[in-house]
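Asks: This is the structure I want to talk about, given as structure tokens.
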Amino acid sequence: MAIFEKARGLDSVNLMEVCGTHTMSICKSGIREMLPEHINLISGPGCPVCVSPKSYIDKAIAFSRLPDVILATFGDMLKVPGSNSSLAEERANGSNVKVVYSCLDAVDIAEKAPDKKVIFLGIGFETTSPTVAASIVYAHKKKLKNFFVYSGHKIIPPAMKMLVADNDINIHGFICPAHVSAIIGTLPYKAINIPCVIAGFEPLDILQGILMLVEQLASGETKVENQYKRIVKDHGNKKALDLLKDVFKVEDSDWRGIGVLPKSGMKLSKRYSMFDAEEEFHLPKIKTMPDKGCICGSILKGIKKPSECALFAKKCTPEKPQGACMVSSEGTCAAYYKYRR
Amino acid sequence: MHELIKDLFIKNLDNPYLHNLGDAALIERNLAYTTDSFVINPIFFPGGDIGKLSICGTVNDLAVSGAKPKYISCGMIVEEGFDYKDLEKITLSIKATCKVSGVYIVAGDFKVVEKGAVDKIFINTSGVGKIYTDARLSSNRIKPGDKIIISGTMGDHAAAVLIAREELKFKSKIFSDCAPLNGLIASIISKDIKFMRDPTRGGLATTLNEIAMQCGYNMSIDEKNVPVKENVRVLCEILGLNPLYMANEGKVMLIVSESSASKILSRMKKHPLGRNSRIIGEVGKRKDKKVYLKTKIGGTRIVDMLTGEQLPRIC
Amino acid sequence: MCLAIPMKIKKIEGNRAIVSSGSVERRIAIDFLTNSKIGDYVMVHAGFAIEKLDPKQAEETLEILRRI
């Protein structure tokens with residue numbers, strides 16, 4: 001295979017992908033087993049559910065317990081464990097928790113139930129945050145007073161920059177997220193200064209992306225390349241980016257297992273603060289329990305593999321997850337548990 | 001769920017008839033007896049309703065246990081205020097399904113409870129059937145090299161119900177495959193069939209894992225041989241679901257001897273419910289009780305049991 | 001992250017469109033698109049079209065992938 005040929009002269013190569021869907025696709029199709037031994041594919045913090053801090057889940061649970069609240073969320077969040085419970089457990093105990101496919105559906109629920117307060121959990125990177133921004137604008141146009149968003153949205157390039165600067169990991173190239181790039185374009189990756197290739201999700205897309213990275217490394221080049229040209233344009237999606245600028249403001253954000261990264265999260269801007277759940281509802285102080293024995297942080301950074309965690313497949317399983325890497329179906333640990341044991 | 005069954009029910013109620021935990025219990029010399037409860041929401045969905053499902057579910061449990069289903073009991077619990085027209089529709093559906101499968105409702109019960117005590121209507125059916133003299137079904141007979149056959153496309157029922165629930169706001173012409181399998185099974189039953197199960201809750205993947213645990217060998221299936229309707233595949237891609245884990249209500253999975261596989265397959269294809277039958281894999285030599293899937297691009301991965309419910313996701 | 005699949009625009013109603021893939025259909029928002037028309041293929045994520053699929057680029061990529 002071409003990858004074998006091009007990689008022949010290279011030392012150990014560490015390539016990181018930062019997109020949960022890439023993690024899944026790689027595991028599902030067994031790509032790792034097809035590559036030469038010295039090319040390591042590391043799974044980075046690509047799963048927005050996994051990097052949401054436990055305190056976010058605890059607060060979401062607290063919101064769901066408020067009277068007359070309908071908590072609307074993407075299905076991904078339902079089973080994530082907080083300090084004492086999960087949204088799935090709260091639903092079983094009588095809280096009104098609804099799974100929606102789109103933030104617009106949450107707006108719809110708010111419109112149809114004016115006596116209830118709908119709080120939507122805004123989780124996701126740059127592919128999803130514009131959809132939430134557009135929904136908020138729509139709610140604003142409809143003059144809704146009972147729709148709120150609890151934003152946990154994050155931005156990926158600051159995390160990538162931090163990972164490159166980290167001396168414990170040694171990343172030689174990034175497989176960049178496909179649909180995040182459809183929104184942000186190729187420019188934000190230039191500042192990272194290591195070989196980057198934006199690749200689609202099909203196994204063959206990923207293989208081609210890996211080939212392009214290996215070719216860059218073999219020739220000593222460093223550039224941002226786009227394998228996903230059928231969707232991703234250099235300038236990204238202007239309408240989506242403008243909406244993000246209008247509805248959200250960038251702030252420092254806490255990434256589970258990594259810590260606080262500057263300018264890596266999104267909060268509702270002043271103009272739309274009336275839709276901000278944190279401004280509207282004042283919850284009592286919540287004590288978040290620290291993770292015991294969970295090494296999700298090192299796993300998210302790609303420093304350790306799930307098999308190196310003492311809890312993996314023993315105390316921590318998809319049925320009884322101890323940390324978000326196991327609960328989210330595209331978390332590194334969940335993917336490993338399903339596909340590589 | 002498996003743990004609860006083991007730690008509470010088996011622990012306290014085990015006996016030789018229950019011990020095998022098959023789809024039906026084999027009692028007396030040649031009778032099979034089974035029970036199931038139906039709580040599906042929504043109660044009406046494309047391709048069926050809770051009435052049809054309650055008959056098919058029990059008929060199929062008997063059929064895959066190698067029995068000819070004959071006598072069914074039916075108990076209904078409905079909440080106060082339940083629409084009479086809906087109850088009539090469901091009853092007529094039960095009537096039609098009994099006719100098609102050749103079974104009789106010989107005992108019944110009907111209770112009304114206060115609003116909210118049940119979700120609209122819950123139905124329990126039990127059934128009895130005579131085991132075919134040719135049936136030799138046992139996981140002990142499963143050996144390496146045996147072939148795995150399924151009778152058609154995977155995931156139709158779960159996909160149809162998901163769309164019918166409407167919360168995700170998708171529209172599609174996907175119909176539940178809900179159907180009685182006793183006719184198909186009667187046309188192929190022979191001692192060449194070593195084991196049968198209908199892949200309902202948890203889908204094909206869960207059923208394969210259960211059988212692997214029982215017989216002790218590993219199973220290998222080829223992804224490109226597992227038939228999935230295009231619409232079901234698309235819906236799964238959009239929602240991040242896996243058809244291998246989605247429930248079916250009109251499909252049977254068989255483990256047969258290698259030499260008899262093509263003969264059984266062609267006989268299945270002659271039956272209307274078996275037109276899309278395929279050999280999807282085989283029983284392996286390894287005693288690791290795992291299920292391996294050869295992917296479309298040639299990689300291999302382990303397919304685990306379903307843990308909890310599959311949820312739609314955006315990531 | 002970001003499950004998104006290509007779907008075809010069947011009908012446009014202002015900022016909303018009916019898209020389909022096979023017989024699976026949904027009403028989605030097309031706020032992020034410019035100049036969309038019936039027959040366009042768009043990537044759908046969380047109820048929104050996030051980008052149009054460029055058929056020429058898609059064909060070129062398919063050709064490269066076929067050769068791998």
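Residue numbers start at 1 in each chain; chains themselves are named A, B, ... in the order of the structure tokens; ligands are numbered from 1 in the order shown.
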What are the residues of chain C lining chain A at 8 Å or less? Count only C-alpha atoms, and put the answer as a ChimeraX atom specification.
Replies: /C:1-4,31-33,43,45-48,50-58,61,65,68
Asks: DSSP says strand (DSSP E) for which residues of chain C? Put them as a PyMOL selection string?
Replies: chain C and resi 5-13+16-21+24-29+41-45+48-52
Asks: Contacts of Asn96 of chain A at 10 Å or less, counting only C-alpha atoms, minus same-chain residues fewer than 4 places along, as a list of chain:residue names?
Replies: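 My list of contacting residues is A:Ser64, A:Arg65, A:Leu66, A:Pro67, A:Asp68, A:Val69, A:Ile70, A:Leu71, A:Ala72, A:Leu87, A:Glu90, A:Arg91, A:Ala92, A:Val118.
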Asks: Find the residues of chain B in contact range of chain A, meaning any atom within 7 Å when counting only C-alpha atoms, and list them as a list in words.
Replies: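 Output check: Glu167, Leu168, Thr295, Ile297, Gly299, Thr300, Arg301, Ile302, Val303, Asp304, Thr307, Gly308, Leu311, Pro312, Arg313, Ile314 and Cys315 of chain B.
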Asks: Can you spit out the residues from that selection as a PDB file, in the first residue's frame, using N, CA and C atoms?
Replies:
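What landed in result-v1.pdb:
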```pdb
ATOM      1  N   GLU B 167     -40.777  11.992  17.663  1.00  0.00           N
ATOM      2  CA  GLU B 167     -40.040  13.018  18.405  1.00  0.00           C
ATOM      3  C   GLU B 167     -38.839  13.517  17.622  1.00  0.00           C
ATOM      4  N   LEU B 168     -38.324  12.632  16.735  1.00  0.00           N
ATOM      5  CA  LEU B 168     -37.139  13.015  15.994  1.00  0.00           C
ATOM      6  C   LEU B 168     -37.514  13.659  14.661  1.00  0.00           C
ATOM      7  N   THR B 295     -15.405  -6.244   8.504  1.00  0.00           N
ATOM      8  CA  THR B 295     -16.034  -5.007   8.038  1.00  0.00           C
ATOM      9  C   THR B 295     -15.996  -4.901   6.522  1.00  0.00           C
ATOM     10  N   ILE B 297     -14.539  -2.852   4.700  1.00  0.00           N
ATOM     11  CA  ILE B 297     -13.248  -2.586   4.062  1.00  0.00           C
ATOM     12  C   ILE B 297     -12.180  -3.596   4.491  1.00  0.00           C
ATOM     13  N   GLY B 299     -11.399  -4.852   7.561  1.00  0.00           N
ATOM     14  CA  GLY B 299     -10.883  -4.946   8.929  1.00  0.00           C
ATOM     15  C   GLY B 299     -11.739  -5.902   9.737  1.00  0.00           C
ATOM     16  N   THR B 300     -11.325  -6.190  10.968  1.00  0.00           N
ATOM     17  CA  THR B 300     -12.144  -7.053  11.842  1.00  0.00           C
ATOM     18  C   THR B 300     -12.401  -6.323  13.133  1.00  0.00           C
ATOM     19  N   ARG B 301     -13.589  -6.447  13.660  1.00  0.00           N
ATOM     20  CA  ARG B 301     -13.833  -5.876  14.975  1.00  0.00           C
ATOM     21  C   ARG B 301     -14.731  -6.778  15.792  1.00  0.00           C
ATOM     22  N   ILE B 302     -14.685  -6.561  17.093  1.00  0.00           N
ATOM     23  CA  ILE B 302     -15.523  -7.354  17.996  1.00  0.00           C
ATOM     24  C   ILE B 302     -16.886  -6.675  18.096  1.00  0.00           C
ATOM     25  N   VAL B 303     -17.945  -7.450  18.059  1.00  0.00           N
ATOM     26  CA  VAL B 303     -19.289  -6.909  18.227  1.00  0.00           C
ATOM     27  C   VAL B 303     -19.804  -7.360  19.585  1.00  0.00           C
ATOM     28  N   ASP B 304     -19.980  -6.404  20.475  1.00  0.00           N
ATOM     29  CA  ASP B 304     -20.399  -6.738  21.845  1.00  0.00           C
ATOM     30  C   ASP B 304     -21.903  -6.849  22.010  1.00  0.00           C
ATOM     31  N   THR B 307     -25.433  -2.653  25.502  1.00  0.00           N
ATOM     32  CA  THR B 307     -25.567  -2.266  26.906  1.00  0.00           C
ATOM     33  C   THR B 307     -26.573  -1.130  26.975  1.00  0.00           C
ATOM     34  N   GLY B 308     -27.736  -1.414  27.527  1.00  0.00           N
ATOM     35  CA  GLY B 308     -28.767  -0.381  27.620  1.00  0.00           C
ATOM     36  C   GLY B 308     -29.394  -0.105  26.263  1.00  0.00           C
ATOM     37  N   LEU B 311     -29.143   5.224  21.777  1.00  0.00           N
ATOM     38  CA  LEU B 311     -29.771   6.548  21.734  1.00  0.00           C
ATOM     39  C   LEU B 311     -29.334   7.289  20.493  1.00  0.00           C
ATOM     40  N   PRO B 312     -30.226   8.083  19.905  1.00  0.00           N
ATOM     41  CA  PRO B 312     -29.811   8.876  18.742  1.00  0.00           C
ATOM     42  C   PRO B 312     -28.758   9.879  19.188  1.00  0.00           C
ATOM     43  N   ARG B 313     -27.767  10.117  18.351  1.00  0.00           N
ATOM     44  CA  ARG B 313     -26.746  11.073  18.744  1.00  0.00           C
ATOM     45  C   ARG B 313     -26.426  11.993  17.577  1.00  0.00           C
ATOM     46  N   ILE B 314     -25.761  13.108  17.908  1.00  0.00           N
ATOM     47  CA  ILE B 314     -25.361  14.010  16.838  1.00  0.00           C
ATOM     48  C   ILE B 314     -23.853  13.983  16.668  1.00  0.00           C
ATOM     49  N   CYS B 315     -23.171  13.382  17.629  1.00  0.00           N
ATOM     50  CA  CYS B 315     -21.723  13.321  17.568  1.00  0.00           C
ATOM     51  C   CYS B 315     -21.311  11.933  17.093  1.00  0.00           C
TER      52      CYS B 315
END
```
Asks: May I ask you to extract the residues of chain B within 10 Å of chain C, using only C-alpha atoms, and to give them as a list in words?
Replies: Ile163, Leu168, Lys169, Phe170, Lys171, Ser172, Lys173, Ile174, Glu230, Asn231, Val232, Arg233, Val234, Leu235, Glu237, Ile238, Leu239, Gly240, Arg313, Ile314 and Cys315 of chain B
Asks: Store the residues picked out above, limited to C-alpha atoms, as a PDB file, in the first residue's frame.
Replies:
```pdb
ATOM      1  CA  ILE B 163     -40.071   7.128  13.076  1.00  0.00           C
ATOM      2  CA  LEU B 168     -37.139  13.015  15.994  1.00  0.00           C
ATOM      3  CA  LYS B 169     -39.359  14.399  13.216  1.00  0.00           C
ATOM      4  CA  PHE B 170     -38.270  12.112  10.430  1.00  0.00           C
ATOM      5  CA  LYS B 171     -40.656  10.720   7.815  1.00  0.00           C
ATOM      6  CA  SER B 172     -40.056   7.527   5.916  1.00  0.00           C
ATOM      7  CA  LYS B 173     -41.668   4.537   4.258  1.00  0.00           C
ATOM      8  CA  ILE B 174     -40.134   2.073   6.673  1.00  0.00           C
ATOM      9  CA  GLU B 230     -31.403   1.256   2.251  1.00  0.00           C
ATOM     10  CA  ASN B 231     -33.845   3.469   4.197  1.00  0.00           C
ATOM     11  CA  VAL B 232     -32.957   1.793   7.460  1.00  0.00           C
ATOM     12  CA  ARG B 233     -29.273   2.236   6.700  1.00  0.00           C
ATOM     13  CA  VAL B 234     -29.788   5.951   5.976  1.00  0.00           C
ATOM     14  CA  LEU B 235     -31.794   6.522   9.161  1.00  0.00           C
ATOM     15  CA  GLU B 237     -26.393   6.892   9.640  1.00  0.00           C
ATOM     16  CA  ILE B 238     -28.261  10.112  10.416  1.00  0.00           C
ATOM     17  CA  LEU B 239     -28.926   9.153  14.019  1.00  0.00           C
ATOM     18  CA  GLY B 240     -25.695   7.310  14.756  1.00  0.00           C
ATOM     19  CA  ARG B 313     -26.746  11.073  18.744  1.00  0.00           C
ATOM     20  CA  ILE B 314     -25.361  14.010  16.838  1.00  0.00           C
ATOM     21  CA  CYS B 315     -21.723  13.321  17.568  1.00  0.00           C
TER      22      CYS B 315
END
```
Asks: One decimal, Å: what's the distance from atom CA of Ile38 of chain C over to atom CA of Glu13 of chain C, could you say?
Replies: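 Calculated distance between atom CA of Ile38 of chain C and atom CA of Glu13 of chain C is 10.8 Å.
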Asks: What's around Asp11 of chain A at 9 Å? Count only C-alpha atoms, leave out sequence neighbours fewer than 2 positions away in its own chain, and write the answer as a ChimeraX atom specification.
Replies: /A:7-9,13,38-39
Asks: Near Asp192 of chain B, within 10 Å and counting only C-alpha atoms, which residues show up once chain neighbours fewer than 3 positions away are dropped, as a VMD selection string?
Replies: chain B and resid 134 to 137 188 to 189 195 255 to 261 264
Asks: Take the residues that were just selected and, keeping N, CA and C atoms, output them as an mmCIF file, in the first residue's frame.
Replies:
```
data_model
loop_
_atom_site.group_PDB
_atom_site.id
_atom_site.type_symbol
_atom_site.label_atom_id
_atom_site.label_comp_id
_atom_site.auth_asym_id
_atom_site.auth_seq_id
_atom_site.Cartn_x
_atom_site.Cartn_y
_atom_site.Cartn_z
ATOM 1 N N ASP B 134 -39.024 -33.713 14.136
ATOM 2 C CA ASP B 134 -37.722 -33.511 13.494
ATOM 3 C C ASP B 134 -36.827 -32.502 14.215
ATOM 4 N N ALA B 135 -37.396 -31.793 15.188
ATOM 5 C CA ALA B 135 -36.614 -30.722 15.822
ATOM 6 C C ALA B 135 -35.574 -31.288 16.778
ATOM 7 N N ARG B 136 -34.320 -30.844 16.570
ATOM 8 C CA ARG B 136 -33.243 -31.267 17.472
ATOM 9 C C ARG B 136 -32.454 -30.011 17.851
ATOM 10 N N LEU B 137 -33.132 -29.080 18.495
ATOM 11 C CA LEU B 137 -32.497 -27.787 18.737
ATOM 12 C C LEU B 137 -31.807 -27.760 20.078
ATOM 13 N N ILE B 188 -39.015 -25.564 6.847
ATOM 14 C CA ILE B 188 -37.595 -25.930 6.822
ATOM 15 C C ILE B 188 -37.162 -26.813 7.983
ATOM 16 N N ILE B 189 -38.050 -27.030 8.970
ATOM 17 C CA ILE B 189 -37.601 -27.728 10.187
ATOM 18 C C ILE B 189 -37.068 -29.117 9.864
ATOM 19 N N PHE B 195 -29.868 -24.793 15.921
ATOM 20 C CA PHE B 195 -30.329 -23.785 16.867
ATOM 21 C C PHE B 195 -31.053 -22.685 16.122
ATOM 22 N N ILE B 255 -28.684 -21.628 13.132
ATOM 23 C CA ILE B 255 -27.331 -22.184 13.047
ATOM 24 C C ILE B 255 -27.513 -23.597 12.501
ATOM 25 N N VAL B 256 -26.893 -23.825 11.350
ATOM 26 C CA VAL B 256 -27.118 -25.106 10.664
ATOM 27 C C VAL B 256 -25.787 -25.766 10.327
ATOM 28 N N SER B 257 -25.838 -27.057 10.052
ATOM 29 C CA SER B 257 -24.599 -27.757 9.667
ATOM 30 C C SER B 257 -24.138 -27.209 8.321
ATOM 31 N N GLU B 258 -22.834 -27.202 8.114
ATOM 32 C CA GLU B 258 -22.253 -26.643 6.893
ATOM 33 C C GLU B 258 -22.822 -27.314 5.649
ATOM 34 N N SER B 259 -22.953 -28.646 5.711
ATOM 35 C CA SER B 259 -23.394 -29.384 4.523
ATOM 36 C C SER B 259 -24.842 -29.094 4.153
ATOM 37 N N SER B 260 -25.644 -28.678 5.122
ATOM 38 C CA SER B 260 -27.069 -28.468 4.829
ATOM 39 C C SER B 260 -27.400 -27.011 4.524
ATOM 40 N N ALA B 261 -26.411 -26.113 4.688
ATOM 41 C CA ALA B 261 -26.698 -24.677 4.611
ATOM 42 C C ALA B 261 -27.343 -24.238 3.300
ATOM 43 N N ILE B 264 -30.979 -25.517 2.956
ATOM 44 C CA ILE B 264 -31.920 -24.802 3.828
ATOM 45 C C ILE B 264 -32.157 -23.392 3.303
#
```
Asks: Quote the spacing between atom CA of Ala310 of chain A and atom CA of Gly293 of chain A in Å to one decimal place.
Replies: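 Between these atoms lies a distance of 7.4 Å.
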